[in-house]
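The next block is data-v1.txt, given as compact mmCIF, C-alpha atoms and all ligand atoms.
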```txt
# COMPACT_ATOMS: atom_id res chain seq x y z
CA MET U 1 74.86 108.20 102.99
CA ARG U 2 72.60 110.15 100.63
CA ARG U 3 70.08 108.14 98.63
CA PHE U 4 70.87 107.44 94.99
CA ASP U 5 69.21 105.64 92.09
CA TYR U 6 70.85 102.40 91.02
CA LEU U 7 70.51 101.37 87.37
CA ARG U 8 71.53 98.00 85.91
CA PRO U 9 71.74 98.33 82.13
CA LYS U 10 71.97 95.04 80.24
CA SER U 11 74.05 96.37 77.33
CA LEU U 12 76.89 98.78 76.76
CA LYS U 13 74.66 100.82 74.46
CA GLU U 14 72.07 101.25 77.21
CA ALA U 15 74.74 102.16 79.79
CA LEU U 16 76.29 104.79 77.53
CA GLN U 17 72.90 106.29 76.73
CA GLN U 18 72.06 106.53 80.46
CA LYS U 19 75.42 108.15 81.21
CA LYS U 20 74.88 110.70 78.48
CA THR U 21 71.38 111.66 79.57
CA ILE U 22 71.44 111.49 83.39
CA ALA U 23 73.25 114.48 84.87
CA GLY U 24 75.87 113.61 87.48
CA ALA U 25 75.50 109.84 87.05
CA LYS U 26 78.56 107.68 87.81
CA PHE U 27 79.49 104.24 86.53
CA ILE U 28 80.02 101.65 89.25
CA SER U 29 81.98 98.42 88.72
CA GLY U 30 83.08 96.67 91.93
CA GLY U 31 82.30 99.76 94.03
CA THR U 32 85.37 99.27 96.27
CA ASP U 33 86.59 102.80 95.59
CA LEU U 34 83.34 104.54 94.70
CA LEU U 35 81.23 103.41 97.67
CA VAL U 36 83.98 104.42 100.09
CA GLN U 37 84.03 107.88 98.49
CA ILE U 38 80.24 108.14 98.72
CA LYS U 39 80.24 107.00 102.36
CA ASN U 40 82.93 109.59 103.14
CA ARG U 41 80.76 112.21 101.37
CA GLU U 42 83.56 113.00 98.93
CA LEU U 43 81.03 112.28 96.16
CA GLN U 44 77.24 112.41 96.11
CA PRO U 45 76.13 111.13 92.71
CA PRO U 46 72.34 111.07 92.26
CA THR U 47 72.55 107.93 90.10
CA LEU U 48 74.88 104.95 89.86
CA ILE U 49 74.99 102.97 86.62
CA SER U 50 76.19 99.45 87.37
CA LEU U 51 78.32 97.84 84.67
CA ARG U 52 78.10 94.38 86.21
CA SER U 53 75.24 93.09 84.04
CA ILE U 54 77.16 93.63 80.80
CA PRO U 55 78.96 90.30 80.28
CA GLU U 56 81.03 91.43 77.28
CA LEU U 57 82.89 93.88 79.52
CA ALA U 58 84.19 91.13 81.81
CA THR U 59 85.83 88.72 79.37
CA ILE U 60 89.55 88.01 78.98
CA GLU U 61 90.77 86.88 75.57
CA ILE U 62 94.23 85.63 74.59
CA ASN U 63 94.86 86.23 70.91
CA GLY U 64 98.63 86.30 70.56
CA GLY U 65 98.40 89.40 72.71
CA ALA U 66 95.53 89.85 75.14
CA ARG U 67 92.29 91.76 75.57
CA ILE U 68 91.19 92.23 79.15
CA GLY U 69 87.65 93.51 79.70
CA ALA U 70 87.50 96.46 82.08
CA LEU U 71 85.08 94.54 84.33
CA ALA U 72 87.48 91.60 84.82
CA THR U 73 88.09 91.37 88.53
CA ILE U 74 91.54 91.25 90.07
CA SER U 75 90.81 87.60 91.00
CA ASP U 76 89.86 86.84 87.37
CA ILE U 77 93.32 88.07 86.36
CA ILE U 78 95.08 85.99 89.01
CA GLN U 79 93.14 82.87 88.05
CA HIS U 80 93.63 83.18 84.27
CA ASN U 81 96.40 80.67 83.52
CA GLU U 82 97.41 81.93 80.07
CA LEU U 83 97.43 85.55 81.16
CA GLY U 84 99.71 84.58 84.04
CA LEU U 85 102.04 82.62 81.76
CA ASN U 86 102.31 85.40 79.19
CA TYR U 87 102.32 88.42 81.52
CA PRO U 88 103.46 87.19 84.97
CA VAL U 89 104.06 90.76 86.20
CA LEU U 90 100.33 91.45 85.89
CA VAL U 91 99.53 88.60 88.26
CA GLU U 92 102.40 89.57 90.58
CA ALA U 93 100.81 93.02 91.01
CA ALA U 94 97.25 91.66 91.20
CA ARG U 95 98.23 89.37 94.09
CA ARG U 96 99.37 92.43 96.08
CA LEU U 97 96.09 94.35 95.67
CA GLY U 98 93.92 94.39 98.81
CA SER U 99 92.48 91.23 100.35
CA VAL U 100 90.85 88.19 98.74
CA GLN U 101 87.45 89.76 99.40
CA ILE U 102 88.46 93.02 97.69
CA ARG U 103 90.13 91.19 94.78
CA ASN U 104 86.94 89.19 94.17
CA VAL U 105 84.90 92.33 93.42
CA ALA U 106 87.43 95.02 92.50
CA THR U 107 87.89 95.37 88.74
CA VAL U 108 90.96 96.27 86.71
CA GLY U 109 88.97 99.01 84.94
CA GLY U 110 87.87 100.52 88.25
CA ASN U 111 91.47 100.47 89.47
CA LEU U 112 92.57 102.51 86.44
CA CYS U 113 89.53 104.84 86.26
CA ASN U 114 89.80 105.76 89.95
CA CYS U 115 93.16 107.26 88.96
CA SER U 116 94.89 106.90 92.28
CA PRO U 117 98.67 107.44 92.08
CA SER U 118 98.92 104.19 94.08
CA ALA U 119 96.80 102.05 91.71
CA ASP U 120 98.57 98.69 91.72
CA MET U 121 97.39 97.53 88.30
CA ALA U 122 98.58 100.70 86.59
CA LEU U 123 102.27 99.90 86.97
CA PRO U 124 102.47 96.50 85.23
CA LEU U 125 100.20 97.85 82.49
CA LEU U 126 102.49 100.87 82.05
CA VAL U 127 105.63 98.76 81.66
CA LEU U 128 103.79 96.37 79.32
CA GLU U 129 102.79 99.47 77.28
CA ALA U 130 99.12 98.50 77.32
CA LYS U 131 96.55 100.40 75.33
CA VAL U 132 93.09 101.22 76.62
CA ARG U 133 89.89 101.27 74.57
CA LEU U 134 87.45 104.04 75.41
CA ARG U 135 83.94 104.49 74.10
CA THR U 136 81.04 106.94 74.11
CA ALA U 137 77.59 106.40 72.56
CA LYS U 138 79.01 107.85 69.36
CA ALA U 139 82.76 107.28 69.17
CA ARG U 140 85.55 104.84 70.00
CA ARG U 141 89.21 105.51 70.58
CA GLU U 142 92.29 103.58 71.64
CA ILE U 143 95.13 105.31 73.50
CA GLN U 144 98.35 104.41 75.24
CA ILE U 145 97.79 103.83 78.95
CA SER U 146 100.53 106.40 79.69
CA GLU U 147 98.16 109.07 78.25
CA PHE U 148 95.22 107.95 80.39
CA PHE U 149 96.19 109.39 83.80
CA LYS U 150 95.95 113.16 84.20
CA GLY U 151 96.13 113.71 87.97
CA PRO U 152 94.91 112.28 91.28
CA GLY U 153 91.34 111.10 90.58
CA GLU U 154 91.52 112.52 87.08
CA SER U 155 91.71 110.62 83.79
CA CYS U 156 91.36 111.61 80.16
CA LEU U 157 87.84 110.09 80.08
CA SER U 158 85.16 112.55 79.03
CA SER U 159 82.00 112.68 81.17
CA ASP U 160 80.07 110.25 78.93
CA GLU U 161 82.96 107.91 78.16
CA ILE U 162 83.63 104.40 79.41
CA LEU U 163 86.78 102.27 79.57
CA THR U 164 85.87 99.00 77.83
CA ASP U 165 89.11 97.05 77.32
CA ILE U 166 92.81 96.86 78.00
CA ILE U 167 94.91 95.65 75.09
CA LEU U 168 98.32 93.99 75.42
CA ASP U 169 100.77 93.26 72.62
CA PRO U 170 102.12 89.69 72.38
CA PRO U 171 104.76 89.17 75.07
CA HIS U 172 108.39 89.51 73.95
CA GLN U 173 110.27 86.25 74.56
CA LYS U 174 113.24 87.97 76.16
CA ALA U 175 111.28 90.42 78.32
CA LYS U 176 111.31 89.91 82.06
CA ALA U 177 109.45 92.09 84.52
CA THR U 178 108.80 92.46 88.22
CA PHE U 179 106.57 94.45 90.58
CA LEU U 180 107.63 95.72 94.00
CA LYS U 181 105.34 97.33 96.55
CA LYS U 182 105.78 98.77 100.03
CA GLY U 183 102.77 99.30 102.27
CA ARG U 184 102.66 100.12 105.98
CA VAL U 185 101.37 96.61 106.60
CA LYS U 186 101.13 93.61 104.28
CA MET U 187 97.64 94.47 103.04
CA ASP U 188 97.71 98.19 102.33
CA LEU U 189 97.80 100.80 99.61
CA ALA U 190 101.33 101.40 98.35
CA ILE U 191 103.52 103.93 100.11
CA ALA U 192 105.65 103.50 97.03
CA SER U 193 105.78 100.86 94.31
CA LEU U 194 107.78 100.09 91.20
CA ALA U 195 107.45 97.91 88.11
CA VAL U 196 110.50 97.16 85.98
CA LEU U 197 110.62 95.43 82.60
CA LEU U 198 113.89 94.63 80.81
CA GLU U 199 114.68 93.00 77.50
CA MET U 200 118.30 91.89 77.44
CA GLU U 201 120.32 90.97 74.37
CA GLY U 202 124.00 89.96 74.33
CA GLY U 203 124.49 91.25 77.87
CA LYS U 204 123.05 94.65 77.01
CA CYS U 205 119.72 96.16 77.89
CA ARG U 206 117.77 96.42 74.63
CA LYS U 207 114.62 97.81 76.21
CA ALA U 208 113.78 99.14 79.67
CA ARG U 209 110.39 100.15 80.98
CA ILE U 210 110.04 101.45 84.53
CA ALA U 211 106.97 102.85 86.29
CA ALA U 212 106.54 104.12 89.84
CA GLY U 213 103.46 104.41 92.03
CA SER U 214 102.52 106.74 94.92
CA VAL U 215 105.42 109.09 94.22
CA ALA U 216 103.82 111.58 91.78
CA PRO U 217 100.31 112.85 91.01
CA VAL U 218 99.85 109.91 88.61
CA PRO U 219 101.34 106.42 88.18
CA LEU U 220 104.53 107.51 86.45
CA ARG U 221 106.74 106.14 83.65
CA LEU U 222 110.38 106.97 84.41
CA TYR U 223 111.36 107.68 80.81
CA LYS U 224 114.77 109.18 81.63
CA VAL U 225 115.82 106.13 83.65
CA GLU U 226 114.68 103.87 80.81
CA ALA U 227 116.79 105.87 78.34
CA LEU U 228 119.80 105.68 80.64
CA LEU U 229 119.65 101.88 80.76
CA GLU U 230 118.84 101.17 77.12
CA GLY U 231 121.80 100.20 74.95
CA SER U 232 124.09 99.61 77.92
CA THR U 233 125.39 96.79 80.10
CA VAL U 234 123.74 97.16 83.48
CA THR U 235 126.78 97.47 85.75
CA GLU U 236 126.74 98.39 89.46
CA LYS U 237 127.75 101.91 88.44
CA LEU U 238 124.92 102.27 85.94
CA ALA U 239 122.41 100.87 88.44
CA ALA U 240 123.56 103.46 90.99
CA GLU U 241 123.11 106.19 88.37
CA ALA U 242 119.61 104.87 87.62
CA GLN U 243 118.79 105.01 91.33
CA ARG U 244 119.94 108.61 91.59
CA LEU U 245 118.05 109.66 88.49
CA ALA U 246 114.82 107.95 89.58
CA THR U 247 114.77 109.79 92.89
CA LYS U 248 115.24 113.09 91.03
CA ILE U 249 112.35 112.51 88.60
CA ILE U 250 109.70 111.56 91.15
CA SER U 251 107.80 114.17 93.20
CA PRO U 252 106.50 112.36 96.30
CA ILE U 253 104.54 114.09 99.05
CA THR U 254 104.39 113.64 102.80
CA ASP U 255 100.98 112.40 103.95
CA ILE U 256 99.39 110.25 106.62
CA ARG U 257 101.02 107.11 105.21
CA ALA U 258 104.65 108.17 104.71
CA THR U 259 107.05 111.06 104.40
CA GLU U 260 108.42 112.35 101.13
CA GLU U 261 111.94 111.27 102.15
CA TYR U 262 110.86 107.72 102.96
CA ARG U 263 109.09 107.39 99.60
CA ARG U 264 112.25 108.55 97.79
CA GLN U 265 114.29 106.04 99.76
CA ILE U 266 111.94 103.19 98.82
CA VAL U 267 112.18 104.07 95.12
CA ARG U 268 115.97 104.26 95.38
CA VAL U 269 116.10 100.76 96.90
CA TYR U 270 113.47 99.35 94.53
CA VAL U 271 115.28 100.48 91.37
CA LYS U 272 118.31 98.44 92.42
CA ARG U 273 116.22 95.55 93.71
CA GLY U 274 114.10 95.45 90.55
CA LEU U 275 117.16 95.36 88.29
CA GLU U 276 118.82 92.69 90.44
CA LYS U 277 115.66 90.57 90.55
CA ILE U 278 115.45 90.52 86.75
CA LEU U 279 119.17 90.22 85.97
CA GLY U 280 119.86 87.64 88.68
C1 LIG P 301 89.94 97.67 101.92
C2 LIG P 301 90.45 98.14 100.58
C3 LIG P 301 91.74 97.81 100.20
C4 LIG P 301 92.22 98.23 98.96
N1 LIG P 301 93.51 97.91 98.60
C5 LIG P 301 94.00 98.33 97.41
C6 LIG P 301 95.35 98.01 97.04
O1 LIG P 301 96.11 97.35 97.75
N2 LIG P 301 95.79 98.48 95.83
C7 LIG P 301 95.00 99.23 94.99
O2 LIG P 301 95.46 99.60 93.91
N3 LIG P 301 93.74 99.53 95.33
C8 LIG P 301 93.22 99.11 96.51
N4 LIG P 301 91.93 99.44 96.87
C9 LIG P 301 91.15 100.28 95.97
C10 LIG P 301 90.18 99.52 95.04
O3 LIG P 301 89.83 98.26 95.55
C11 LIG P 301 90.75 99.33 93.62
O4 LIG P 301 91.15 100.56 93.07
C12 LIG P 301 89.74 98.65 92.69
O5 LIG P 301 90.42 98.03 91.62
C13 LIG P 301 88.66 99.58 92.15
O6 LIG P 301 87.83 98.84 91.28
P1 LIG P 301 86.24 98.85 91.41
O7 LIG P 301 85.74 97.95 90.35
O8 LIG P 301 85.82 98.53 92.79
O9 LIG P 301 85.95 100.37 91.07
P2 LIG P 301 84.68 101.26 91.43
O10 LIG P 301 84.75 101.64 92.87
O11 LIG P 301 83.44 100.61 90.95
O12 LIG P 301 84.97 102.53 90.51
C14 LIG P 301 86.09 103.37 90.72
C15 LIG P 301 85.97 104.59 89.81
O13 LIG P 301 86.12 104.24 88.46
C16 LIG P 301 84.93 104.55 87.69
N5 LIG P 301 84.75 103.40 86.81
C17 LIG P 301 84.73 102.10 87.17
N6 LIG P 301 84.73 101.31 86.09
C18 LIG P 301 84.73 102.13 85.00
C19 LIG P 301 84.76 101.91 83.59
N7 LIG P 301 84.81 100.68 83.07
N8 LIG P 301 84.77 102.99 82.78
C20 LIG P 301 84.74 104.25 83.27
N9 LIG P 301 84.72 104.52 84.61
C21 LIG P 301 84.74 103.46 85.46
C22 LIG P 301 83.83 104.74 88.73
O14 LIG P 301 82.84 105.65 88.26
C23 LIG P 301 84.62 105.30 89.89
O15 LIG P 301 84.84 106.67 89.71
C24 LIG P 301 91.40 99.01 98.09
C25 LIG P 301 90.09 99.34 98.49
C26 LIG P 301 89.62 98.91 99.72
C27 LIG P 301 88.22 99.27 100.11
```
Whole structure, structure tokens version:
Amino acid sequence: MRRFDYLRPKSLKEALQQKKTIAGAKFISGGTDLLVQIKNRELQPPTLISLRSIPELATIEINGGARIGALATISDIIQHNELGLNYPVLVEAARRLGSVQIRNVATVGGNLCNCSPSADMALPLLVLEAKVRLRTAKARREIQISEFFKGPGESCLSSDEILTDIILDPPHQKAKATFLKKGRVKMDLAIASLAVLLEMEGGKCRKARIAAGSVAPVPLRLYKVEALLEGSTVTEKLAAEAQRLATKIISPITDIRATEEYRRQIVRVYVKRGLEKILG
């Protein structure tokens, strides 16, 4: 591993200033993605700026909705009672990410900023229509999480920008959601994954949100499947149509972990399973 400088700023202001002025510097949160990439020589940053000494980045606040600091670890999310009560799908996904050891250091912000198509936390946040707060030394912005991912390893963050918070609207009383994930073994990155959220009213689907992982260059909202379900009673026939449509929209690849065909098959099964799990 090549040597690098390791900085530990005590404030967000200091971290942003360092990022702006030190060429090639990278933020590091838990390091569970970044250090692997450095060890594999995929990246050789001269400087790492640790975000772990900035307490304000790690807090979780329930305020009707929720604000989750980017530095909250996956374990913090699992252990936060109110978050789990209000957004159970978030905890369902968090429990499937890595091992206890990984979950204790891996952060939700790092999971999103690494921009892997298989990022487990991306899917519940997509179906919950989370917003993300981004900040540079000079400006702040808040965008929909669906606009954040641009490609494998690529987000809409500019080179001197940081993800500070994830914002969730208050939970809808009638919304129910679930997360499904297939790995090669129990503790593995997803070969394919799916999150489904439905709001039902009078036997009809008022709102559907569906997102798929590991089957496209980015964690993907399946907008056309959502539109198909909304306003209708979810019959066997409609569910079968949703399955067909979902497998058309995705663009999985064959790689060391699974074939394209297998990934399509998992999504096909998961669309049905997700709907059944929610509708009973
Ligand atoms: C053994 C093992 C198993 C794993 N299993 C899973 C799994 O099942 N599911 C899964 O989704 N992932 C898994 N991962 C990947 C990884 O643990 C997660 O993606 C994790 O959430 C990354 O968070 P981190 O804090 O460690 O990120 P880091 O490694 O610190 O950072 C990742 C990237 O994001 C950038 N970054 C971090 N924080 C910010 C921020 N606030 N603002 C801007 N940029 C930022 C960094 O510069 C870096 O480019 C696994 C990793 C390992 C090593």
TODO: Find the residues near U:Leu180: any atom within 8 Å, counting all atoms listed in the file, skip ones fewer than 2 places away on the same chain, and give them as a count of residues only.
DONE: 8
- [ ] Determine the nearest neighbour of ligand LIG 301 (chain P) from the options U:Pro88, U:Gly69, U:Gly24, U:Gly98, counting all atoms listed in the file.
- [x] U:Gly98
Task: Polymer residues at most 12 Å from U:Gln79, only C-alpha atoms, same-chain spacing of 3 or more positions, as a list in words - done: Ile60, Ala72, Thr73, Ile74, Ser75, Asp76, Glu82, Leu83, Gly84, Leu85, Pro88, Leu90, Val91, Glu92, Ala94, Arg95, Arg103 and Asn104 of chain U
Got time to write the residues from that selection, C-alpha atoms, as a short mmCIF file (atom, residue, chain, number, x, y, z; two decimals), keeping the file's coordinate frame?
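See result.cif below for the written result:
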```
data_model
loop_
_atom_site.label_atom_id
_atom_site.label_comp_id
_atom_site.auth_asym_id
_atom_site.auth_seq_id
_atom_site.Cartn_x
_atom_site.Cartn_y
_atom_site.Cartn_z
CA ILE U 60 89.55 88.01 78.98
CA ALA U 72 87.48 91.60 84.82
CA THR U 73 88.09 91.37 88.53
CA ILE U 74 91.54 91.25 90.07
CA SER U 75 90.81 87.60 91.00
CA ASP U 76 89.86 86.84 87.37
CA GLU U 82 97.41 81.93 80.07
CA LEU U 83 97.43 85.55 81.16
CA GLY U 84 99.71 84.58 84.04
CA LEU U 85 102.04 82.62 81.76
CA PRO U 88 103.46 87.19 84.97
CA LEU U 90 100.33 91.45 85.89
CA VAL U 91 99.53 88.60 88.26
CA GLU U 92 102.40 89.57 90.58
CA ALA U 94 97.25 91.66 91.20
CA ARG U 95 98.23 89.37 94.09
CA ARG U 103 90.13 91.19 94.78
CA ASN U 104 86.94 89.19 94.17
#
```
Open item on the list: For U:Gly231, find every residue with an atom within 9 Å (counting all atoms listed in the file), except residues of its own chain fewer than 2 positions away, and show them as a VMD selection string.
Closed with: chain U and resid 204 to 207 227 to 229 233
Task: Contacts with ligand LIG 301 (chain P) at most 8 Å, only C-alpha atoms and all ligand atoms counted, listed as a PyMOL selection string - done: chain U and resi 26-36+51+57+70-71+73-74+96-99+102-103+105-116+118-121+134+153+157+161-164+187-190
Open item on the list: Using all atoms listed in the file, which protein or nucleic acid residues come within 10 Å of U:Lys248? Drop anything in the same chain fewer than 6 positions from it, and give the result as a PyMOL selection string.
Closed with: chain U and resi 242+264+268
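Atom pair atom CA of U:Pro252 / atom CA of U:Ala216: separated by 5.3 Å.
Minimum atom-to-atom distance to U:Lys181, evaluated using all atoms listed in the file, belongs to U:Val267 out of U:Val267, U:Ile250, U:Glu199, U:Ala139.
Using all atoms listed in the file, the shortest contact distance between U:Ala122 and any of U:Ser11, U:Thr21, U:Ser232, U:Ser146 is found at U:Ser146.
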Task: Top pick for closest residue to U:Lys131, considering U:Glu147, U:Glu230, U:Glu276, U:Asp5 and counting only C-alpha atoms - done: U:Glu147
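Between atom CA of U:Gln37 and atom CA of U:Thr59 lies a distance of 27.1 Å.
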Open item on the list: I want to know what sits within 12 Å of U:Asn86, based on all atoms listed in the file, with residues of the same chain fewer than 4 positions away left out; could you give that as a ChimeraX atom specification?
Closed with: /U:62-66,77,80-82,90-91,128,168-177
Taking the structure in the block just given, could you write stretch 64-153 of chain U with C-alpha atoms, as a short mmCIF file (atom, residue, chain, number, x, y, z; two decimals), in the first residue's frame?
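Once everything was written out, this is out_2.cif:
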```
data_model
loop_
_atom_site.label_atom_id
_atom_site.label_comp_id
_atom_site.auth_asym_id
_atom_site.auth_seq_id
_atom_site.Cartn_x
_atom_site.Cartn_y
_atom_site.Cartn_z
CA GLY U 64 -41.69 13.98 12.76
CA GLY U 65 -39.53 12.82 9.88
CA ALA U 66 -35.88 11.98 10.43
CA ARG U 67 -32.40 13.38 9.85
CA ILE U 68 -29.66 10.79 9.68
CA GLY U 69 -26.09 12.07 9.78
CA ALA U 70 -23.92 10.64 7.01
CA LEU U 71 -21.47 9.29 9.61
CA ALA U 72 -24.13 7.24 11.42
CA THR U 73 -22.96 3.65 11.27
CA ILE U 74 -25.12 0.81 10.03
CA SER U 75 -25.22 -0.46 13.65
CA ASP U 76 -26.38 2.99 14.85
CA ILE U 77 -29.32 2.67 12.47
CA ILE U 78 -30.18 -0.84 13.64
CA GLN U 79 -30.00 0.18 17.29
CA HIS U 80 -32.08 3.36 16.97
CA ASN U 81 -35.51 2.33 18.30
CA GLU U 82 -37.57 5.20 16.89
CA LEU U 83 -35.95 4.98 13.48
CA GLY U 84 -36.78 1.28 13.43
CA LEU U 85 -40.38 1.89 14.46
CA ASN U 86 -40.96 4.62 11.88
CA TYR U 87 -38.92 3.19 8.99
CA PRO U 88 -38.63 -0.59 9.57
CA VAL U 89 -37.43 -1.19 5.99
CA LEU U 90 -34.28 0.81 6.75
CA VAL U 91 -33.40 -1.53 9.59
CA GLU U 92 -34.37 -4.60 7.53
CA ALA U 93 -31.79 -3.58 4.92
CA ALA U 94 -29.18 -2.53 7.48
CA ARG U 95 -29.34 -5.97 9.14
CA ARG U 96 -28.40 -7.57 5.80
CA LEU U 97 -25.29 -5.42 5.25
CA GLY U 98 -22.00 -7.25 5.90
CA SER U 99 -21.07 -8.66 9.30
CA VAL U 100 -21.43 -7.18 12.79
CA GLN U 101 -17.82 -5.99 12.57
CA ILE U 102 -18.45 -4.24 9.24
CA ARG U 103 -21.76 -2.75 10.43
CA ASN U 104 -20.03 -1.29 13.49
CA VAL U 105 -17.73 0.89 11.37
CA ALA U 106 -19.42 1.19 7.96
CA THR U 107 -21.45 4.38 7.62
CA VAL U 108 -24.66 5.05 5.73
CA GLY U 109 -23.00 8.03 3.99
CA GLY U 110 -20.07 5.89 2.87
CA ASN U 111 -22.48 3.28 1.53
CA LEU U 112 -24.18 5.91 -0.65
CA CYS U 113 -21.03 7.83 -1.68
CA ASN U 114 -19.23 4.66 -2.78
CA CYS U 115 -22.00 4.42 -5.38
CA SER U 116 -21.99 0.68 -5.81
CA PRO U 117 -25.03 -0.64 -7.71
CA SER U 118 -25.30 -3.18 -4.87
CA ALA U 119 -25.33 -0.63 -2.01
CA ASP U 120 -27.83 -2.09 0.45
CA MET U 121 -28.83 1.19 2.11
CA ALA U 122 -29.64 2.85 -1.21
CA LEU U 123 -32.76 0.78 -1.85
CA PRO U 124 -34.80 1.53 1.29
CA LEU U 125 -33.79 5.19 0.99
CA LEU U 126 -34.95 5.23 -2.65
CA VAL U 127 -38.38 3.81 -1.84
CA LEU U 128 -38.71 6.15 1.15
CA GLU U 129 -37.88 9.01 -1.27
CA ALA U 130 -35.13 10.33 0.99
CA LYS U 131 -33.35 13.57 0.26
CA VAL U 132 -29.63 14.07 0.73
CA ARG U 133 -27.94 17.24 1.95
CA LEU U 134 -24.67 18.12 0.26
CA ARG U 135 -22.25 20.85 1.20
CA THR U 136 -19.08 22.58 0.00
CA ALA U 137 -17.13 25.30 1.85
CA LYS U 138 -19.35 27.82 0.10
CA ALA U 139 -22.71 26.28 -0.76
CA ARG U 140 -25.39 23.85 0.44
CA ARG U 141 -27.93 21.93 -1.57
CA GLU U 142 -30.58 19.29 -0.96
CA ILE U 143 -31.51 16.81 -3.70
CA GLN U 144 -33.64 13.71 -4.12
CA ILE U 145 -31.60 10.57 -3.52
CA SER U 146 -32.72 9.29 -6.96
CA GLU U 147 -30.61 12.10 -8.49
CA PHE U 148 -27.52 11.24 -6.45
CA PHE U 149 -26.27 8.12 -8.28
CA LYS U 150 -24.71 8.65 -11.70
CA GLY U 151 -22.92 5.36 -12.42
CA PRO U 152 -20.80 2.66 -10.77
CA GLY U 153 -18.54 4.55 -8.33
#
```
